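The file input.txt contains compact mmCIF, C-alpha atoms and all ligand atoms:
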# COMPACT_ATOMS: atom_id res chain seq x y z
CA MET D 240 -7.85 16.76 28.09
CA ALA D 241 -4.93 15.29 26.14
CA ASP D 242 -4.30 18.46 24.15
CA THR D 243 -1.69 19.38 26.71
CA THR D 244 0.20 16.06 26.99
CA ALA D 245 3.73 15.72 25.67
CA ALA D 246 2.45 13.95 22.58
CA PRO D 247 3.13 14.48 18.87
CA ARG D 248 2.53 17.98 17.57
CA VAL D 249 -1.00 18.65 16.36
CA GLU D 250 -1.56 18.34 12.61
CA SER D 251 -4.71 19.73 11.07
CA ILE D 252 -7.30 18.94 8.44
CA GLY D 253 -8.46 21.93 6.40
CA ALA D 254 -10.41 22.33 3.18
CA ASP D 255 -7.33 21.42 1.08
CA PHE D 256 -7.12 17.98 2.70
CA PHE D 257 -9.81 16.33 0.59
CA ASP D 258 -8.21 16.89 -2.83
CA ASP D 259 -5.30 14.71 -1.83
CA PRO D 260 -5.36 13.23 1.70
CA HIS D 261 -2.34 11.08 0.84
CA ALA D 262 -0.11 14.13 0.38
CA HIS D 263 -0.93 14.98 4.01
CA TYR D 264 -0.50 11.41 5.23
CA ARG D 265 2.92 11.19 3.56
CA ARG D 266 4.03 14.33 5.34
CA TRP D 267 2.68 13.13 8.70
CA ARG D 268 4.21 9.68 8.21
CA ALA D 269 7.70 11.15 8.29
CA ALA D 270 7.03 11.94 11.98
CA GLY D 271 5.57 8.55 12.89
CA PRO D 272 2.52 6.27 12.71
CA VAL D 273 0.33 7.95 15.38
CA HIS D 274 -0.81 11.58 15.28
CA ARG D 275 -2.97 14.15 16.96
CA VAL D 276 -5.05 15.95 14.37
CA ARG D 277 -7.34 18.98 14.60
CA PHE D 278 -10.48 18.24 12.56
CA PRO D 279 -12.64 20.82 10.78
CA ASP D 280 -14.95 20.89 13.85
CA ASP D 281 -11.92 22.10 15.87
CA VAL D 282 -11.79 18.90 17.95
CA VAL D 283 -8.43 17.15 18.24
CA ARG D 284 -8.58 13.40 17.66
CA TRP D 285 -5.83 10.80 17.47
CA VAL D 286 -5.29 9.36 14.00
CA ILE D 287 -3.43 6.12 13.30
CA ILE D 288 -1.78 6.04 9.87
CA GLY D 289 0.80 3.22 10.09
CA TYR D 290 -0.29 -0.19 8.75
CA ALA D 291 0.95 -2.33 11.67
CA GLU D 292 -0.45 0.11 14.23
CA ALA D 293 -3.78 0.40 12.37
CA ARG D 294 -4.19 -3.37 12.23
CA ALA D 295 -3.38 -3.67 15.92
CA ALA D 296 -5.72 -0.81 16.84
CA LEU D 297 -8.68 -2.24 14.89
CA ALA D 298 -8.46 -5.49 16.85
CA ASP D 299 -7.65 -4.00 20.28
CA PRO D 300 -10.59 -4.18 22.75
CA ARG D 301 -9.08 -1.29 24.76
CA LEU D 302 -9.98 0.86 21.75
CA ALA D 303 -13.72 0.56 22.27
CA LYS D 304 -16.66 1.71 20.17
CA ASP D 305 -19.60 2.33 22.49
CA VAL D 306 -21.33 5.28 20.84
CA GLY D 307 -22.57 6.70 24.17
CA GLN D 308 -18.96 7.04 25.39
CA VAL D 309 -17.79 8.41 22.04
CA GLU D 310 -20.51 11.06 22.15
CA ALA D 311 -19.79 11.94 25.78
CA ILE D 312 -16.09 12.52 24.94
CA LEU D 313 -16.99 14.54 21.86
CA HIS D 314 -19.38 16.72 23.81
CA GLU D 315 -16.84 17.39 26.50
CA LYS D 316 -14.32 18.44 23.87
CA ARG D 317 -16.87 20.61 22.11
CA ARG D 318 -18.22 21.93 25.40
CA GLU D 319 -21.71 20.93 24.31
CA THR D 320 -24.23 19.63 26.74
CA ARG D 321 -26.26 17.10 24.85
CA SER D 322 -26.42 15.21 21.62
CA ASP D 323 -29.17 15.35 19.06
CA PRO D 324 -31.47 12.49 20.15
CA ASN D 325 -32.26 11.38 16.60
CA VAL D 326 -28.64 11.32 15.49
CA SER D 327 -27.75 9.36 18.67
CA ALA D 328 -30.56 6.87 18.03
CA LEU D 329 -29.36 6.26 14.47
CA LEU D 330 -25.80 5.66 15.62
CA SER D 331 -26.68 3.07 18.31
CA HIS D 332 -26.02 0.20 15.91
CA MET D 333 -23.52 -2.63 15.99
CA LEU D 334 -20.71 -0.46 14.69
CA GLY D 335 -21.28 1.65 17.82
CA THR D 336 -21.32 -1.21 20.34
CA ASP D 337 -18.80 -3.48 22.06
CA PRO D 338 -19.27 -7.12 23.10
CA PRO D 339 -21.56 -8.57 24.33
CA ALA D 340 -24.13 -6.22 22.70
CA HIS D 341 -22.13 -6.24 19.46
CA THR D 342 -21.94 -10.05 19.36
CA ARG D 343 -25.72 -10.30 19.66
CA LEU D 344 -26.49 -7.75 16.94
CA ARG D 345 -23.87 -9.09 14.55
CA LYS D 346 -25.21 -12.64 14.88
CA LEU D 347 -28.63 -11.47 13.74
CA VAL D 348 -27.40 -9.97 10.43
CA ASN D 349 -24.42 -12.19 9.71
CA LYS D 350 -26.42 -14.94 8.11
CA ALA D 351 -27.90 -12.58 5.50
CA PHE D 352 -24.43 -11.68 4.22
CA THR D 353 -22.61 -15.00 3.92
CA ALA D 354 -20.80 -15.59 0.62
CA LYS D 355 -23.48 -18.16 -0.29
CA GLN D 356 -26.43 -15.84 0.44
CA VAL D 357 -24.75 -13.05 -1.47
CA ALA D 358 -23.92 -15.26 -4.48
CA GLY D 359 -27.68 -15.80 -4.81
CA LEU D 360 -28.04 -12.08 -5.53
CA ARG D 361 -25.81 -12.25 -8.63
CA PRO D 362 -28.54 -12.53 -11.30
CA ARG D 363 -30.45 -9.60 -9.86
CA ILE D 364 -27.31 -7.43 -9.54
CA GLU D 365 -26.41 -8.27 -13.15
CA GLN D 366 -29.89 -7.28 -14.28
CA ILE D 367 -29.78 -3.92 -12.47
CA THR D 368 -26.29 -3.31 -13.95
CA GLU D 369 -27.42 -4.03 -17.50
CA ASP D 370 -30.53 -1.85 -17.11
CA LEU D 371 -28.45 1.08 -15.93
CA LEU D 372 -25.97 0.70 -18.79
CA ASP D 373 -28.79 0.32 -21.32
CA ALA D 374 -29.87 3.82 -20.33
CA THR D 375 -26.43 5.17 -21.35
CA ALA D 376 -26.13 3.10 -24.53
CA ASP D 377 -26.62 5.83 -27.13
CA ARG D 378 -24.60 8.48 -25.30
CA ASP D 379 -21.08 9.71 -26.05
CA GLU D 380 -20.62 10.96 -22.50
CA PHE D 381 -22.21 10.30 -19.12
CA ASP D 382 -21.51 10.81 -15.43
CA LEU D 383 -20.35 7.43 -14.19
CA MET D 384 -21.17 8.41 -10.59
CA GLU D 385 -24.67 9.74 -11.10
CA GLU D 386 -25.83 7.25 -13.68
CA PHE D 387 -24.01 4.09 -12.67
CA ALA D 388 -21.79 3.84 -9.58
CA ASP D 389 -24.36 5.61 -7.44
CA PRO D 390 -27.69 3.97 -8.36
CA LEU D 391 -26.34 0.41 -8.66
CA PRO D 392 -25.45 -0.34 -5.00
CA VAL D 393 -28.36 1.80 -3.82
CA ALA D 394 -30.80 -0.27 -5.89
CA VAL D 395 -29.24 -3.47 -4.56
CA ILE D 396 -29.35 -2.48 -0.88
CA CYS D 397 -32.91 -1.17 -1.31
CA GLU D 398 -34.05 -4.50 -2.73
CA LEU D 399 -32.17 -6.49 -0.14
CA LEU D 400 -33.56 -4.49 2.78
CA GLY D 401 -37.00 -3.87 1.30
CA VAL D 402 -36.70 -0.07 1.14
CA PRO D 403 -38.47 1.66 -1.79
CA PHE D 404 -35.85 2.69 -4.40
CA ALA D 405 -38.16 5.57 -5.36
CA ASP D 406 -37.37 7.25 -2.00
CA ARG D 407 -33.63 7.24 -2.64
CA ALA D 408 -33.21 10.96 -3.33
CA ASP D 409 -34.55 11.70 0.17
CA PHE D 410 -32.51 9.25 2.16
CA GLN D 411 -29.42 9.89 0.08
CA ALA D 412 -29.63 13.60 0.95
CA TRP D 413 -30.13 12.80 4.66
CA THR D 414 -27.24 10.33 4.64
CA ARG D 415 -24.91 12.87 3.02
CA ALA D 416 -25.84 15.45 5.67
CA LEU D 417 -25.08 12.89 8.37
CA VAL D 418 -21.66 11.79 7.09
CA THR D 419 -20.23 15.08 5.79
CA VAL D 420 -17.89 16.78 8.20
CA VAL D 421 -16.85 20.07 6.61
CA GLY D 422 -19.64 22.62 6.57
CA GLU D 423 -20.54 20.78 9.80
CA ASP D 424 -23.63 20.15 11.60
CA GLU D 425 -26.06 22.61 9.98
CA GLY D 426 -28.12 19.95 8.27
CA ARG D 427 -27.59 17.16 10.77
CA PRO D 428 -30.48 17.49 13.24
CA ALA D 429 -33.04 17.94 10.46
CA ALA D 430 -31.60 15.05 8.46
CA GLY D 431 -31.49 12.88 11.60
CA ALA D 432 -35.14 13.59 12.41
CA ALA D 433 -36.24 12.90 8.83
CA MET D 434 -34.28 9.66 8.69
CA VAL D 435 -35.60 8.37 12.04
CA GLY D 436 -39.18 9.22 10.99
CA TYR D 437 -38.77 7.49 7.65
CA LEU D 438 -37.19 4.33 9.04
CA THR D 439 -39.64 4.11 11.97
CA ASP D 440 -42.56 4.16 9.51
CA LEU D 441 -40.84 1.53 7.41
CA VAL D 442 -40.22 -0.76 10.41
CA ARG D 443 -43.91 -0.42 11.37
CA THR D 444 -44.96 -1.33 7.83
CA LYS D 445 -42.80 -4.49 7.94
CA GLN D 446 -44.14 -5.38 11.39
CA ALA D 447 -47.72 -5.10 10.15
CA ASP D 448 -47.08 -6.81 6.85
CA PRO D 449 -43.75 -8.70 6.63
CA ALA D 450 -42.39 -9.18 3.10
CA ASP D 451 -39.58 -11.25 1.59
CA ASP D 452 -36.74 -8.88 2.53
CA LEU D 453 -34.00 -8.44 5.11
CA LEU D 454 -35.76 -5.79 7.18
CA SER D 455 -38.81 -8.07 7.56
CA GLU D 456 -36.47 -10.90 8.51
CA LEU D 457 -34.87 -8.70 11.15
CA VAL D 458 -38.31 -7.65 12.42
CA LEU D 459 -39.21 -11.34 12.82
CA ALA D 460 -35.77 -12.54 13.99
CA ASP D 461 -36.09 -14.40 17.25
CA ASP D 462 -33.04 -15.96 18.85
CA ASP D 463 -34.46 -17.92 21.81
CA GLY D 464 -36.85 -15.13 22.71
CA ASP D 465 -34.24 -12.44 21.99
CA ARG D 466 -35.71 -9.97 19.50
CA LEU D 467 -34.58 -6.61 18.19
CA THR D 468 -36.34 -3.61 19.73
CA ASP D 469 -37.86 -0.96 17.45
CA LYS D 470 -34.94 1.34 18.24
CA GLU D 471 -32.44 -1.37 17.34
CA LEU D 472 -34.29 -2.09 14.11
CA VAL D 473 -34.18 1.57 13.09
CA SER D 474 -30.46 1.95 13.76
CA MET D 475 -29.64 -1.40 12.11
CA ALA D 476 -31.63 -0.37 9.01
CA PHE D 477 -29.78 2.94 9.03
CA LEU D 478 -26.36 1.28 9.23
CA LEU D 479 -27.13 -1.10 6.37
CA LEU D 480 -28.64 1.66 4.26
CA VAL D 481 -25.68 4.01 4.79
CA ALA D 482 -23.20 1.20 4.18
CA GLY D 483 -25.05 0.38 0.97
CA HIS D 484 -24.96 4.01 -0.13
CA GLU D 485 -21.64 5.51 0.64
CA THR D 486 -19.25 2.61 0.24
CA THR D 487 -19.69 0.38 -2.81
CA VAL D 488 -20.69 3.49 -4.79
CA ASN D 489 -17.24 4.91 -4.14
CA LEU D 490 -15.42 1.62 -4.55
CA ILE D 491 -16.66 1.61 -8.14
CA GLY D 492 -16.16 5.37 -8.63
CA ASN D 493 -12.70 5.68 -7.04
CA GLY D 494 -11.54 2.46 -8.69
CA MET D 495 -12.66 3.46 -12.17
CA ASN D 496 -11.18 6.94 -11.68
CA ALA D 497 -7.79 5.40 -10.88
CA LEU D 498 -7.97 2.73 -13.56
CA LEU D 499 -8.98 5.04 -16.41
CA ARG D 500 -5.96 7.24 -15.65
CA ASP D 501 -3.78 4.33 -16.74
CA ARG D 502 -4.85 3.15 -20.20
CA ALA D 503 -2.49 0.19 -20.19
CA GLN D 504 -4.04 -1.25 -17.02
CA TRP D 505 -7.58 -0.66 -18.28
CA GLN D 506 -6.75 -2.45 -21.54
CA ALA D 507 -4.99 -5.32 -19.76
CA LEU D 508 -8.06 -5.83 -17.61
CA CYS D 509 -10.41 -5.65 -20.60
CA ALA D 510 -8.37 -8.44 -22.17
CA ASP D 511 -8.61 -10.58 -19.04
CA PRO D 512 -12.00 -10.20 -17.31
CA ALA D 513 -11.19 -13.10 -14.97
CA ALA D 514 -8.63 -10.80 -13.34
CA VAL D 515 -11.27 -8.29 -12.24
CA PRO D 516 -11.93 -9.69 -8.71
CA LEU D 517 -8.25 -9.31 -7.82
CA ALA D 518 -8.14 -5.87 -9.41
CA ILE D 519 -10.99 -4.91 -7.07
CA GLU D 520 -8.71 -5.76 -4.12
CA GLU D 521 -6.21 -3.25 -5.48
CA PHE D 522 -9.00 -0.66 -5.90
CA LEU D 523 -9.76 -1.22 -2.22
CA ARG D 524 -6.13 -0.78 -1.22
CA PHE D 525 -5.25 2.11 -3.50
CA ASP D 526 -8.31 4.34 -3.04
CA GLY D 527 -11.01 2.53 -1.08
CA PRO D 528 -14.24 4.25 -0.09
CA VAL D 529 -13.61 4.38 3.66
CA ASP D 530 -11.00 6.58 5.25
CA MET D 531 -11.62 7.27 8.94
CA ALA D 532 -15.11 5.73 9.43
CA THR D 533 -13.49 3.68 12.17
CA VAL D 534 -14.28 5.75 15.24
CA ARG D 535 -13.02 4.42 18.58
CA TYR D 536 -12.07 5.72 22.03
CA THR D 537 -9.43 4.68 24.53
CA ALA D 538 -11.18 2.87 27.41
CA GLU D 539 -7.75 2.90 29.13
CA PRO D 540 -4.33 4.26 28.14
CA VAL D 541 -3.01 2.50 25.03
CA THR D 542 0.51 2.63 23.60
CA LEU D 543 0.70 2.35 19.82
CA GLY D 544 3.81 2.80 17.72
CA GLY D 545 5.68 3.96 20.84
CA THR D 546 3.19 6.75 21.59
CA GLU D 547 0.93 6.60 24.63
CA ILE D 548 -2.65 7.66 24.02
CA PRO D 549 -4.31 8.57 27.34
CA ALA D 550 -7.69 7.16 28.37
CA GLY D 551 -10.82 8.93 27.17
CA GLU D 552 -9.46 10.05 23.80
CA LEU D 553 -11.12 9.73 20.39
CA VAL D 554 -9.07 7.56 18.06
CA TYR D 555 -9.65 7.23 14.32
CA VAL D 556 -7.84 4.62 12.25
CA SER D 557 -7.13 5.88 8.73
CA VAL D 558 -7.45 2.69 6.71
CA ALA D 559 -6.69 4.78 3.61
CA ALA D 560 -3.32 5.85 5.03
CA ALA D 561 -2.54 2.35 6.36
CA ASN D 562 -3.17 0.94 2.89
CA ARG D 563 -0.46 3.24 1.49
CA ASP D 564 2.14 2.51 4.16
CA PRO D 565 5.45 1.87 2.33
CA ALA D 566 6.52 -0.38 5.23
CA ARG D 567 3.77 -2.82 4.15
CA PHE D 568 3.14 -2.15 0.43
CA ALA D 569 5.87 -1.68 -2.17
CA ASP D 570 5.37 1.45 -4.30
CA PRO D 571 2.10 2.20 -2.44
CA ASP D 572 1.09 5.30 -4.40
CA THR D 573 0.90 3.45 -7.72
CA LEU D 574 -2.18 1.47 -8.75
CA ALA D 575 -1.12 -2.09 -9.62
CA THR D 576 -4.02 -4.27 -10.77
CA ASP D 577 -1.72 -7.21 -11.45
CA GLY D 578 -3.42 -9.53 -9.00
CA HIS D 579 -0.94 -9.35 -6.14
CA THR D 580 -2.82 -7.24 -3.61
CA THR D 581 -3.28 -8.88 -0.22
CA GLY D 582 -3.71 -7.74 3.34
CA HIS D 583 -5.34 -4.33 2.82
CA LEU D 584 -7.45 -2.95 5.66
CA ALA D 585 -10.21 -1.38 3.53
CA PHE D 586 -12.88 -3.56 5.18
CA GLY D 587 -11.39 -3.15 8.66
CA HIS D 588 -10.05 -5.95 10.82
CA GLY D 589 -11.15 -7.87 13.92
CA ILE D 590 -14.67 -8.25 15.28
CA HIS D 591 -16.07 -5.27 13.34
CA PHE D 592 -14.69 -6.50 9.98
CA CYS D 593 -17.19 -5.42 7.33
CA VAL D 594 -20.28 -7.61 7.19
CA GLY D 595 -20.99 -6.39 3.65
CA ALA D 596 -17.58 -7.28 2.16
CA PRO D 597 -18.82 -10.22 0.03
CA LEU D 598 -21.67 -8.09 -1.33
CA ALA D 599 -19.40 -5.11 -2.08
CA ARG D 600 -16.86 -7.33 -3.85
CA LEU D 601 -19.53 -9.01 -5.95
CA GLU D 602 -21.21 -5.74 -6.96
CA ALA D 603 -17.91 -4.09 -7.91
CA THR D 604 -16.83 -7.14 -9.93
CA ILE D 605 -20.11 -7.21 -11.84
CA ALA D 606 -19.99 -3.44 -12.41
CA VAL D 607 -16.43 -3.31 -13.75
CA THR D 608 -16.89 -6.42 -15.91
CA ALA D 609 -20.03 -4.93 -17.48
CA LEU D 610 -18.29 -1.62 -18.16
CA GLN D 611 -15.41 -3.42 -19.90
CA ARG D 612 -17.74 -5.43 -22.06
CA ARG D 613 -19.98 -2.53 -23.04
CA TYR D 614 -17.38 0.24 -23.29
CA PRO D 615 -13.88 -1.04 -24.07
CA ASP D 616 -12.98 2.48 -25.29
CA LEU D 617 -14.16 4.12 -22.07
CA ARG D 618 -12.03 7.11 -20.98
CA LEU D 619 -12.19 10.07 -18.66
CA ALA D 620 -13.86 13.21 -20.04
CA PRO D 621 -11.70 16.36 -19.77
CA ALA D 622 -13.71 17.57 -16.75
CA ALA D 623 -12.76 14.39 -14.85
CA LEU D 624 -9.07 15.22 -15.06
CA THR D 625 -9.58 17.58 -12.11
CA PRO D 626 -11.63 15.38 -9.79
CA ARG D 627 -13.92 16.91 -7.18
CA TRP D 628 -14.11 14.99 -3.90
CA GLN D 629 -16.62 14.82 -1.07
CA THR D 630 -15.45 16.76 1.97
CA SER D 631 -15.77 13.92 4.46
CA THR D 632 -13.04 12.48 6.66
CA LEU D 633 -15.05 9.28 7.01
CA ILE D 634 -15.72 8.49 3.38
CA ARG D 635 -13.65 9.09 0.27
CA GLY D 636 -15.71 9.57 -2.86
CA LEU D 637 -16.08 11.63 -6.01
CA LEU D 638 -18.88 14.12 -6.61
CA ALA D 639 -18.87 13.30 -10.33
CA LEU D 640 -16.92 11.21 -12.84
CA PRO D 641 -17.71 12.27 -16.42
CA VAL D 642 -16.60 9.64 -18.95
CA LEU D 643 -16.54 9.34 -22.75
CA THR D 644 -17.90 6.10 -24.12
CA ARG D 645 -16.18 6.15 -27.53
C1 LIG O 701 -18.12 -2.38 8.95
C2 LIG O 701 -15.81 -0.86 4.99
C3 LIG O 701 -19.59 -2.09 2.23
C4 LIG O 701 -22.05 -3.20 6.20
C5 LIG O 701 -17.17 -1.87 8.10
C6 LIG O 701 -15.85 -1.44 8.52
C7 LIG O 701 -15.22 -1.00 7.41
C8 LIG O 701 -16.11 -1.16 6.29
C9 LIG O 701 -13.81 -0.42 7.34
C10 LIG O 701 -15.27 -1.51 9.94
C11 LIG O 701 -15.27 -0.18 10.61
C12 LIG O 701 -14.63 -0.20 11.97
O1 LIG O 701 -13.96 -1.17 12.37
O2 LIG O 701 -14.77 0.80 12.71
C13 LIG O 701 -16.63 -1.09 3.90
C14 LIG O 701 -16.24 -0.90 2.53
C15 LIG O 701 -17.31 -1.25 1.76
C16 LIG O 701 -18.37 -1.67 2.64
C17 LIG O 701 -14.87 -0.42 2.08
C18 LIG O 701 -17.48 -1.26 0.25
C19 LIG O 701 -16.51 -1.33 -0.57
C20 LIG O 701 -20.59 -2.51 3.05
C21 LIG O 701 -21.89 -2.96 2.63
C22 LIG O 701 -22.57 -3.27 3.76
C23 LIG O 701 -21.71 -3.03 4.89
C24 LIG O 701 -22.36 -3.06 1.18
C25 LIG O 701 -23.98 -3.78 3.95
C26 LIG O 701 -24.92 -3.73 3.14
C27 LIG O 701 -21.20 -3.05 7.27
C28 LIG O 701 -21.61 -3.28 8.65
C29 LIG O 701 -20.47 -3.06 9.44
C30 LIG O 701 -19.40 -2.67 8.54
C31 LIG O 701 -22.98 -3.71 9.11
C32 LIG O 701 -20.38 -3.15 10.96
C33 LIG O 701 -19.85 -4.50 11.35
C34 LIG O 701 -19.66 -4.64 12.84
O3 LIG O 701 -19.69 -3.65 13.60
O4 LIG O 701 -19.50 -5.78 13.29
N1 LIG O 701 -17.30 -1.70 6.74
N2 LIG O 701 -17.92 -1.54 3.93
N3 LIG O 701 -20.51 -2.57 4.43
N4 LIG O 701 -19.88 -2.69 7.24
FE1 LIG O 701 -18.88 -2.22 5.58
For this file, write the structure as structure tokens.
Amino acid sequence: MADTTAAPRVESIGADFFDDPHAHYRRWRAAGPVHRVRFPDDVVRWVIIGYAEARAALADPRLAKDVGQVEAILHEKRRETRSDPNVSALLSHMLGTDPPAHTRLRKLVNKAFTAKQVAGLRPRIEQITEDLLDATADRDEFDLMEEFADPLPVAVICELLGVPFADRADFQAWTRALVTVVGEDEGRPAAGAAMVGYLTDLVRTKQADPADDLLSELVLADDDGDRLTDKELVSMAFLLLVAGHETTVNLIGNGMNALLRDRAQWQALCADPAAVPLAIEEFLRFDGPVDMATVRYTAEPVTLGGTEIPAGELVYVSVAAANRDPARFADPDTLATDGHTTGHLAFGHGIHFCVGAPLARLEATIAVTALQRRYPDLRLAPAALTPRWQTSTLIRGLLALPVLTR
């Protein structure tokens, strides 16, 4: 399709991209805010990297999200005939729908994530945080990802949804297989099937015996006779579980990685714990957990930043690149936890703005505050000086973050 239009030259994402995506974005930015990019699966997608264009794109209904259309376009580009039915079923959630279907699904979960509802979770999140840090108390060194940033949000989302925490190794492995792009597809069908089977059983258990958790609430939710189907429940549970796994984990991990590289900022924050919530906003801007998990397609031709994108094209908004646009943020490649960060796009913008934002902000604030209190001398272990990153274009996160406690 559009590969032959007189559009910007095609950039590409190879294995070296993930160590420093911003080096690539800086280079691309010199040629403009809208690019065509060849992804590791050899498919060319459009990528928006300018802040103003990203913000406009996220709120533009002509850039639609219907997952059936997205898959159809992807299959045409890959010359494949059909999608994996389990993977498709998992992706038919509100982040893969447009109004009015989106409005209906969003209404059903919105009330569970209001700031007030989420504030009620504070004591439990603090307890989980303290328990995890107790387990590291007599250690000189530990992996902040494996032992803290990773289990904390996972434990919280498991409790909230009513998913057994003991099963986390399984669904974490399936989720990773589903969101990783390089090394493509091998594990996806098997992971999709396992995940659908697991969540279907769980939905049935809640239907038979509802408990005091969000999944049971969703099973019982009835808006004037409008109820969620089993398929909708499975994909909604999947979305919330993935969001709880791959996002807040990396907000804490990426943020601490950046902060511990600048002793003065770490110490300033230790001296002023009340400043942590605003520092979290800078973590989100500087190195947030989402990069291009913002898949859309052009339902009609759309002109952005002076470039026309034809109809029927896949468009990804890089919120990571937008958050480093020098036209919007002064000195964008420097972390500045001085409380002045506003307007970042880490949680998206428009009708799909992140439902979980209040929960993610609260968890990260509790996590960083607890680390400061317990480990004021915390620093990166030598192995952390060369960070290893996940190879996903959707998510940005570390594989490990070894730290020294004293
Ligand atoms: C949507 C980021 C945590 C649930 C989104 C979007 C972004 C995002 C960028 C919009 C994507 C788009 O427009 O295509 C983040 C970040 C998080 C985080 C950076 C952590 C720091 C969470 C958590 C949950 C959650 C903890 C739930 C437990 C959702 C849901 C949507 C969403 C359900 C879809 C909303 C809709 O389609 O209306 N998130 N998220 N997120 N997020 Fe998050």
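The smallest atom-to-atom distance between ligand LIG 701 (chain O) and any of D:Gly492, D:Pro428, D:Pro540, D:Gly464, using all atoms listed in the file, is found for D:Gly492.
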Residues within 6 Å of ligand LIG 701 (chain O) should be enumerated using all atoms listed in the file and returned as an mmCIF file with C-alpha atoms, in the coordinates of the input.
data_model
loop_
_atom_site.group_PDB
_atom_site.id
_atom_site.type_symbol
_atom_site.label_atom_id
_atom_site.label_comp_id
_atom_site.auth_asym_id
_atom_site.auth_seq_id
_atom_site.Cartn_x
_atom_site.Cartn_y
_atom_site.Cartn_z
ATOM 1 C CA LEU D 297 -8.680 -2.240 14.890
ATOM 2 C CA MET D 333 -23.520 -2.630 15.990
ATOM 3 C CA LEU D 334 -20.710 -0.460 14.690
ATOM 4 C CA ARG D 345 -23.870 -9.090 14.550
ATOM 5 C CA LEU D 479 -27.130 -1.100 6.370
ATOM 6 C CA ALA D 482 -23.200 1.200 4.180
ATOM 7 C CA GLY D 483 -25.050 0.380 0.970
ATOM 8 C CA THR D 486 -19.250 2.610 0.240
ATOM 9 C CA THR D 487 -19.690 0.380 -2.810
ATOM 10 C CA LEU D 490 -15.420 1.620 -4.550
ATOM 11 C CA GLY D 527 -11.010 2.530 -1.080
ATOM 12 C CA PRO D 528 -14.240 4.250 -0.090
ATOM 13 C CA VAL D 529 -13.610 4.380 3.660
ATOM 14 C CA ALA D 532 -15.110 5.730 9.430
ATOM 15 C CA THR D 533 -13.490 3.680 12.170
ATOM 16 C CA VAL D 534 -14.280 5.750 15.240
ATOM 17 C CA ALA D 585 -10.210 -1.380 3.530
ATOM 18 C CA PHE D 586 -12.880 -3.560 5.180
ATOM 19 C CA GLY D 587 -11.390 -3.150 8.660
ATOM 20 C CA ILE D 590 -14.670 -8.250 15.280
ATOM 21 C CA HIS D 591 -16.070 -5.270 13.340
ATOM 22 C CA PHE D 592 -14.690 -6.500 9.980
ATOM 23 C CA CYS D 593 -17.190 -5.420 7.330
ATOM 24 C CA VAL D 594 -20.280 -7.610 7.190
ATOM 25 C CA GLY D 595 -20.990 -6.390 3.650
ATOM 26 C CA ALA D 596 -17.580 -7.280 2.160
ATOM 27 C CA LEU D 598 -21.670 -8.090 -1.330
ATOM 28 C CA ALA D 599 -19.400 -5.110 -2.080
#
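From CA of Pro392 (chain D) back to CA of Glu365 (chain D), the distance works out to 11.4 Å.
Interatomic distance, CA of Leu360 (chain D) against CA of Ala412 (chain D): 26.5 Å.
Across the model, the gap from CA of Ala303 (chain D) to CA of Ala550 (chain D) is 10.8 Å.
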### Message
I'd like the contact shell of Leu643 (chain D) - 8 Å cut-off, only C-alpha atoms, skipping same-chain residues fewer than 6 positions apart - returned as a ChimeraX atom specification.
### Response
/D:379-381,617-620
Print the selection's residues with C-alpha atoms to a file, as a PDB file, in the coordinates of the input.
ATOM      1  CA  ASP D 379     -21.080   9.710 -26.050  1.00  0.00           C
ATOM      2  CA  GLU D 380     -20.620  10.960 -22.500  1.00  0.00           C
ATOM      3  CA  PHE D 381     -22.210  10.300 -19.120  1.00  0.00           C
ATOM      4  CA  LEU D 617     -14.160   4.120 -22.070  1.00  0.00           C
ATOM      5  CA  ARG D 618     -12.030   7.110 -20.980  1.00  0.00           C
ATOM      6  CA  LEU D 619     -12.190  10.070 -18.660  1.00  0.00           C
ATOM      7  CA  ALA D 620     -13.860  13.210 -20.040  1.00  0.00           C
TER       8      ALA D 620
END
### Query
Hey, what's within 9 Å of Ala433 (chain D) if we count all atoms listed in the file and toss same-chain stuff fewer than 3 positions away? As an NGL selection string, please?
:D and (325 or 409-410 or 413 or 428-430 or 436-438)
### Query
Thr581 (chain D): which residues within 10 Å, counting all atoms listed in the file, same-chain residues fewer than 6 positions away excluded, as a PyMOL selection string?
chain D and resi 517+520-521+524+568
### Message
Distance cut-off 10 Å, centre (-19.1, -9.5, -3.5) in file coordinates, counting all atoms listed in the file: which residues qualify? Return them as a PyMOL selection string.
### Response
chain D and resi 352-354+357-358+360-361+487+516+519+595-605
